[in-house]
$ cat coords21.txt   # compact mmCIF, C-alpha atoms and all ligand atoms
# COMPACT_ATOMS: atom_id res chain seq x y z
CA MET A 1 0.29 2.59 -147.79
CA PRO A 2 0.75 -0.06 -145.04
CA ARG A 3 -1.20 0.54 -141.83
CA GLY A 4 0.83 2.24 -139.10
CA LEU A 5 1.68 0.65 -135.78
CA PHE A 6 -0.56 0.91 -132.73
CA ILE A 7 1.24 0.48 -129.39
CA THR A 8 -0.48 0.77 -126.00
CA LEU A 9 0.94 1.03 -122.47
CA GLU A 10 -0.98 -0.41 -119.56
CA GLY A 11 -0.64 -0.80 -115.80
CA LEU A 12 -2.01 0.32 -112.46
CA ASP A 13 -1.81 3.96 -111.39
CA GLY A 14 1.76 4.81 -110.44
CA SER A 15 3.27 1.91 -112.42
CA GLY A 16 5.51 4.34 -114.33
CA LYS A 17 3.62 4.21 -117.68
CA THR A 18 3.80 7.92 -118.32
CA THR A 19 7.56 8.10 -117.78
CA GLN A 20 8.06 5.05 -119.97
CA ILE A 21 5.85 6.23 -122.83
CA LYS A 22 7.79 9.51 -122.99
CA ARG A 23 11.11 7.64 -123.04
CA LEU A 24 9.81 5.31 -125.74
CA ALA A 25 8.65 8.29 -127.83
CA GLY A 26 12.15 9.82 -127.44
CA TRP A 27 13.77 6.54 -128.56
CA LEU A 28 11.49 6.28 -131.60
CA LYS A 29 12.14 9.90 -132.58
CA LYS A 30 15.90 9.29 -132.47
CA ARG A 31 15.57 6.10 -134.49
CA PHE A 32 13.11 7.39 -137.06
CA PRO A 33 13.56 11.20 -137.14
CA ALA A 34 11.22 11.50 -140.14
CA GLU A 35 8.36 9.65 -138.45
CA GLU A 36 7.26 11.53 -135.34
CA PRO A 37 5.10 9.12 -133.25
CA ILE A 38 1.65 10.27 -132.18
CA LEU A 39 1.47 10.30 -128.38
CA THR A 40 -1.94 10.14 -126.75
CA ARG A 41 -3.74 8.89 -123.65
CA GLN A 42 -7.11 7.65 -122.42
CA PRO A 43 -9.28 8.98 -121.11
CA GLY A 44 -8.42 12.19 -123.00
CA GLY A 45 -6.32 12.97 -126.03
CA THR A 46 -9.04 14.84 -127.99
CA PRO A 47 -10.89 18.01 -126.96
CA THR A 48 -14.07 15.99 -126.27
CA GLY A 49 -12.03 13.28 -124.55
CA ASP A 50 -10.39 15.85 -122.27
CA ARG A 51 -13.85 16.93 -121.13
CA ILE A 52 -14.86 13.33 -120.50
CA ARG A 53 -11.60 12.84 -118.57
CA ALA A 54 -12.30 15.84 -116.37
CA LEU A 55 -15.79 14.51 -115.63
CA VAL A 56 -14.85 10.91 -114.95
CA LEU A 57 -11.73 11.55 -112.83
CA ASP A 58 -13.10 14.41 -110.74
CA SER A 59 -13.80 13.33 -107.16
CA ARG A 60 -17.03 15.36 -107.30
CA SER A 61 -18.35 12.64 -109.69
CA ALA A 62 -18.45 10.30 -106.68
CA GLY A 63 -21.99 9.09 -107.47
CA LEU A 64 -21.15 7.87 -110.99
CA SER A 65 -22.49 4.33 -111.42
CA PRO A 66 -20.10 1.60 -112.67
CA LEU A 67 -22.09 1.26 -115.91
CA ALA A 68 -22.11 5.02 -116.51
CA GLU A 69 -18.35 5.02 -115.92
CA LEU A 70 -17.96 2.16 -118.41
CA ALA A 71 -20.03 4.04 -121.01
CA LEU A 72 -17.97 7.22 -120.55
CA MET A 73 -14.69 5.33 -121.02
CA PHE A 74 -16.03 3.95 -124.30
CA ALA A 75 -17.45 7.31 -125.43
CA ASP A 76 -13.96 8.74 -124.93
CA ARG A 77 -12.37 5.84 -126.81
CA ALA A 78 -14.79 5.87 -129.75
CA GLN A 79 -14.07 9.59 -130.20
CA ALA A 80 -10.29 9.09 -129.95
CA ILE A 81 -10.39 6.31 -132.55
CA ALA A 82 -12.52 8.36 -134.97
CA GLU A 83 -10.67 11.64 -134.53
CA LEU A 84 -7.08 10.62 -133.90
CA ILE A 85 -6.05 6.97 -133.82
CA GLN A 86 -7.57 5.52 -136.99
CA PRO A 87 -6.63 8.50 -139.22
CA ALA A 88 -3.04 8.33 -137.92
CA LEU A 89 -2.83 4.57 -138.51
CA ASP A 90 -4.27 5.04 -142.00
CA GLN A 91 -1.45 7.50 -142.69
CA GLY A 92 1.09 4.84 -141.67
CA LYS A 93 2.03 6.54 -138.37
CA ILE A 94 3.13 5.01 -135.09
CA VAL A 95 0.55 5.71 -132.38
CA LEU A 96 1.57 5.40 -128.71
CA CYS A 97 -1.45 5.34 -126.42
CA ASP A 98 -1.26 5.55 -122.61
CA ARG A 99 -4.11 3.10 -121.71
CA PHE A 100 -6.72 1.54 -124.01
CA THR A 101 -9.44 -1.11 -123.64
CA ASP A 102 -7.32 -3.33 -121.37
CA SER A 103 -7.65 -0.53 -118.78
CA THR A 104 -11.43 -0.76 -119.05
CA GLU A 105 -11.33 -4.52 -118.69
CA ALA A 106 -9.01 -4.26 -115.66
CA TYR A 107 -10.68 -1.30 -113.89
CA GLN A 108 -14.36 -1.59 -114.81
CA GLY A 109 -14.39 -5.33 -115.62
CA GLY A 110 -12.13 -6.33 -112.69
CA GLY A 111 -12.09 -3.41 -110.23
CA ARG A 112 -15.79 -2.56 -110.52
CA GLN A 113 -16.67 -6.24 -111.01
CA LEU A 114 -18.63 -5.74 -114.24
CA GLY A 115 -16.74 -8.68 -115.79
CA SER A 116 -14.87 -8.93 -119.08
CA ALA A 117 -17.83 -9.82 -121.31
CA PRO A 118 -19.56 -6.38 -121.49
CA VAL A 119 -16.21 -4.66 -121.99
CA LEU A 120 -15.22 -6.91 -124.89
CA GLU A 121 -18.70 -6.61 -126.39
CA LEU A 122 -18.67 -2.81 -126.22
CA HIS A 123 -15.19 -2.80 -127.71
CA ARG A 124 -16.49 -4.83 -130.64
CA LEU A 125 -19.54 -2.58 -131.11
CA LEU A 126 -18.05 0.87 -130.49
CA CYS A 127 -14.39 0.45 -131.46
CA ALA A 128 -14.77 -1.91 -134.43
CA ASN A 129 -12.67 -4.29 -132.32
CA LEU A 130 -9.51 -2.27 -133.09
CA GLN A 131 -6.60 -4.15 -131.49
CA PRO A 132 -3.17 -2.76 -130.63
CA ASP A 133 -0.27 -4.37 -132.51
CA LEU A 134 1.64 -4.42 -129.24
CA THR A 135 0.67 -3.78 -125.62
CA LEU A 136 3.30 -3.19 -122.96
CA LEU A 137 1.85 -4.10 -119.58
CA LEU A 138 3.83 -2.82 -116.58
CA LEU A 139 2.89 -4.96 -113.64
CA PRO A 140 5.17 -4.54 -110.62
CA PRO A 141 4.32 -6.78 -107.63
CA LEU A 142 0.90 -5.84 -106.27
CA GLU A 143 2.13 -5.01 -102.78
CA ALA A 144 4.65 -2.53 -104.19
CA SER A 145 1.91 -1.00 -106.37
CA LEU A 146 -0.48 -0.62 -103.47
CA GLY A 147 2.03 1.06 -101.23
CA ARG A 148 4.75 3.07 -102.91
CA ASN A 149 3.27 3.64 -106.35
CA LEU A 150 -0.23 4.62 -105.36
CA ALA A 151 1.16 6.99 -102.76
CA ARG A 152 3.27 8.58 -105.48
CA ALA A 153 0.26 8.86 -107.82
CA ARG A 154 -1.78 10.42 -105.02
CA SER A 155 0.80 13.06 -104.19
CA ARG A 156 1.26 13.82 -107.92
CA ASN A 157 -2.46 14.47 -108.24
CA GLU A 158 -2.49 16.62 -105.12
CA ARG A 159 0.30 18.73 -106.63
CA ALA A 160 -1.62 19.03 -109.94
CA ALA A 161 -4.73 20.10 -108.04
CA GLU A 162 -2.75 22.81 -106.24
CA GLN A 163 -1.09 24.02 -109.45
CA ASN A 164 -3.98 24.15 -111.93
CA GLY A 165 -7.09 23.27 -109.98
CA ALA A 166 -7.64 19.97 -111.84
CA ASP A 167 -9.15 17.29 -109.64
CA GLU A 168 -8.22 13.80 -110.87
CA GLY A 169 -8.50 12.09 -107.52
CA ARG A 170 -11.62 9.91 -107.86
CA PHE A 171 -9.86 6.61 -108.63
CA GLU A 172 -7.22 7.17 -105.99
CA GLN A 173 -9.88 7.10 -103.31
CA GLU A 174 -10.55 3.44 -104.13
CA GLN A 175 -9.64 0.76 -101.60
CA ASP A 176 -6.79 -1.71 -102.03
CA ALA A 177 -9.30 -4.47 -102.93
CA PHE A 178 -10.31 -2.53 -106.06
CA TYR A 179 -6.69 -2.31 -107.23
CA ARG A 180 -6.10 -5.96 -106.32
CA ARG A 181 -8.97 -6.99 -108.65
CA ALA A 182 -7.69 -4.70 -111.43
CA TRP A 183 -4.16 -6.15 -111.03
CA GLU A 184 -5.49 -9.71 -111.22
CA LYS A 185 -7.59 -8.90 -114.29
CA TYR A 186 -4.56 -7.39 -116.02
CA ARG A 187 -2.65 -10.62 -115.40
CA GLU A 188 -5.53 -12.67 -116.72
CA ILE A 189 -5.63 -10.59 -119.94
CA ALA A 190 -1.86 -11.00 -120.41
CA LEU A 191 -2.13 -14.78 -120.06
CA ARG A 192 -5.07 -14.85 -122.48
CA GLU A 193 -3.31 -12.77 -125.17
CA PRO A 194 0.43 -13.49 -125.00
CA ASP A 195 1.02 -12.63 -128.68
CA ARG A 196 -0.21 -9.06 -128.29
CA ILE A 197 0.86 -8.34 -124.71
CA THR A 198 4.40 -8.08 -123.40
CA LEU A 199 4.13 -8.50 -119.65
CA ILE A 200 6.84 -6.60 -117.76
CA GLU A 201 6.78 -7.95 -114.22
CA GLY A 202 8.96 -7.72 -111.14
CA ASP A 203 10.37 -4.86 -109.12
CA LEU A 204 12.52 -3.34 -111.88
CA THR A 205 14.29 0.02 -112.18
CA ILE A 206 13.10 2.63 -114.68
CA ASP A 207 16.10 1.78 -116.90
CA GLN A 208 15.42 -1.95 -116.75
CA VAL A 209 11.78 -1.43 -117.75
CA HIS A 210 12.87 0.88 -120.59
CA GLU A 211 15.27 -1.80 -121.88
CA LYS A 212 12.50 -4.39 -121.93
CA ILE A 213 10.16 -1.99 -123.71
CA ILE A 214 12.75 -1.21 -126.40
CA GLU A 215 13.42 -4.91 -126.92
CA ALA A 216 9.71 -5.64 -127.45
CA VAL A 217 9.11 -2.59 -129.68
CA ALA A 218 12.20 -3.25 -131.81
CA SER A 219 11.15 -6.81 -132.52
CA ARG A 220 7.56 -5.74 -133.29
CA LEU A 221 8.86 -3.03 -135.65
CA LEU A 222 11.07 -5.54 -137.42
CA ALA A 223 8.13 -7.91 -137.98
CA HIS A 224 5.95 -4.96 -139.08
CA ASN A 225 8.49 -3.68 -141.58
CA GLN A 226 9.00 -7.16 -142.98
CA THR A 227 5.25 -7.49 -143.53
CA ALA A 228 5.11 -4.00 -145.03
CA SER A 229 7.97 -4.71 -147.42
CA SER A 230 6.52 -8.05 -148.53
CA LEU A 231 3.21 -6.25 -149.21
CA ASP A 232 5.13 -3.60 -151.12
CA ASP A 233 6.91 -6.33 -153.13
CA ARG A 234 3.54 -7.63 -154.17
CA THR A 235 2.17 -4.21 -155.07
CA GLY A 236 5.39 -2.93 -156.61
CA ASN A 237 5.67 -0.05 -154.10
CA VAL A 238 8.94 1.09 -152.58
CA PRO A 239 9.12 -0.08 -148.93
CA ALA A 240 9.12 2.63 -146.23
CA SER A 241 12.59 3.30 -144.80
CA GLY A 242 13.51 2.36 -141.20
P1 LIG B 301 -4.11 7.85 -115.82
O1 LIG B 301 -3.83 8.44 -114.49
O2 LIG B 301 -3.21 6.72 -116.18
O3 LIG B 301 -4.21 8.88 -116.90
O4 LIG B 301 -5.57 7.15 -115.76
C1 LIG B 301 -6.65 7.77 -115.25
C2 LIG B 301 -7.50 6.83 -114.42
O5 LIG B 301 -8.58 6.33 -115.20
C3 LIG B 301 -6.78 5.64 -113.83
O6 LIG B 301 -7.08 5.57 -112.44
C4 LIG B 301 -7.39 4.47 -114.54
C5 LIG B 301 -8.75 4.95 -114.97
N1 LIG B 301 -9.28 4.31 -116.18
C6 LIG B 301 -10.34 3.42 -116.06
O7 LIG B 301 -10.82 3.17 -114.96
N2 LIG B 301 -10.84 2.84 -117.19
C7 LIG B 301 -10.35 3.12 -118.44
O8 LIG B 301 -10.84 2.58 -119.43
C8 LIG B 301 -9.25 4.05 -118.54
C9 LIG B 301 -8.69 4.37 -119.89
C10 LIG B 301 -8.76 4.62 -117.39

$ encode --input "coords21.txt" --output "structure tokens" --more "lines below"
Ligand code: TMP
Amino acid sequence: MPRGLFITLEGLDGSGKTTQIKRLAGWLKKRFPAEEPILTRQPGGTPTGDRIRALVLDSRSAGLSPLAELALMFADRAQAIAELIQPALDQGKIVLCDRFTDSTEAYQGGGRQLGSAPVLELHRLLCANLQPDLTLLLLPPLEASLGRNLARARSRNERAAEQNGADEGRFEQEQDAFYRRAWEKYREIALREPDRITLIEGDLTIDQVHEKIIEAVASRLLAHNQTASSLDDRTGNVPASG
């Protein structure tokens, strides 16, 4: 069976990733009703990962050192790969993941100033260097992200805290300079890996971003299915539909 397709969404807090990943999942379900995509997020997405998420995002973890934070992000990711992502890909499924190692490179490498090298090295050691087939990076202009979007993310988290007591506010207490470094690191990654990353820039509407996402996913799916069917030709298997 050909390997499934691994798609990640990336961007600063409040960039609209969560809305877009849900719309993308809806589009995929309509297009391939038989192949329900697996939707997950990091940190989180497994029972252990949810506990790591609660620990790392809680504002009571204020004393967490940058290296401890880096290690927790990778502990979460190694678990998600072992428990969820790799088995799903092995079964030929489409996996949509809200954040992956680019987030660690942007936030811990850039934001916390640990640099890219330890992040890439840990990814190689702990994640067997698993790479997404496609990464959609939502990068509205930094000034818009710092103002409007972060404010929206903050008020969303305040509402969540009121409703279910979850405290996910630790990152939102960071200063603008932290987000500026993360934004710049994201751009640097996109320029370094243009084949994997589709950079969606500019002050676009939700519909415009969705259109761009569909365009990128459709062309990646086409290439993937062509590869799968040429592999199947060689092995004599019947190609998967869609
Ligand atoms: P979320 O709100 O998009 O679910 O992300 C939770 C926060 O965790 C967000 O502020 C970014 C941060 N984060 C990192 O700092 N490093 C990482 O590796 C990941 C996955 C998230």

$ closest_residue --input "coords21.txt" --among "A:Val217, A:Leu89, A:Val95, A:Val119" --to "ligand LIG 301 (chain B)" --atoms "all atoms listed in the file"
A:Val119

$ residues_near_ligand --input "coords21.txt" --ligand "ligand LIG 301 (chain B)" --cutoff "8 Å" --atoms "all atoms listed in the file" --output "PyMOL selection string"
chain A and resi 11-14+17-18+41-43+53+56-57+69-70+73-74+77+98-108+153+168+170-172

$ closest_residue --input "coords21.txt" --among "A:Ala80, A:Thr46, A:His224, A:Ile189" --to "A:Ser116" --atoms "all atoms listed in the file"
A:Ile189

$ closest_residue --input "coords21.txt" --among "A:Ala88, A:Ala71, A:Leu55, A:Leu24" --to "A:Leu122" --atoms "only C-alpha atoms"
A:Ala71

$ atom_distance --input "coords21.txt" --atom1 "atom CA of A:Gln226" --atom2 "atom CA of A:Arg3"
12.8 Å

$ closest_residue --input "coords21.txt" --among "A:Ala25, A:Ile200, A:Leu191, A:Leu5" --to "A:Gln91" --atoms "only C-alpha atoms"
A:Leu5

$ closest_residue --input "coords21.txt" --among "A:Asp90, A:Asp76, A:Glu193, A:Glu174" --to "A:Leu136" --atoms "all atoms listed in the file"
A:Glu193
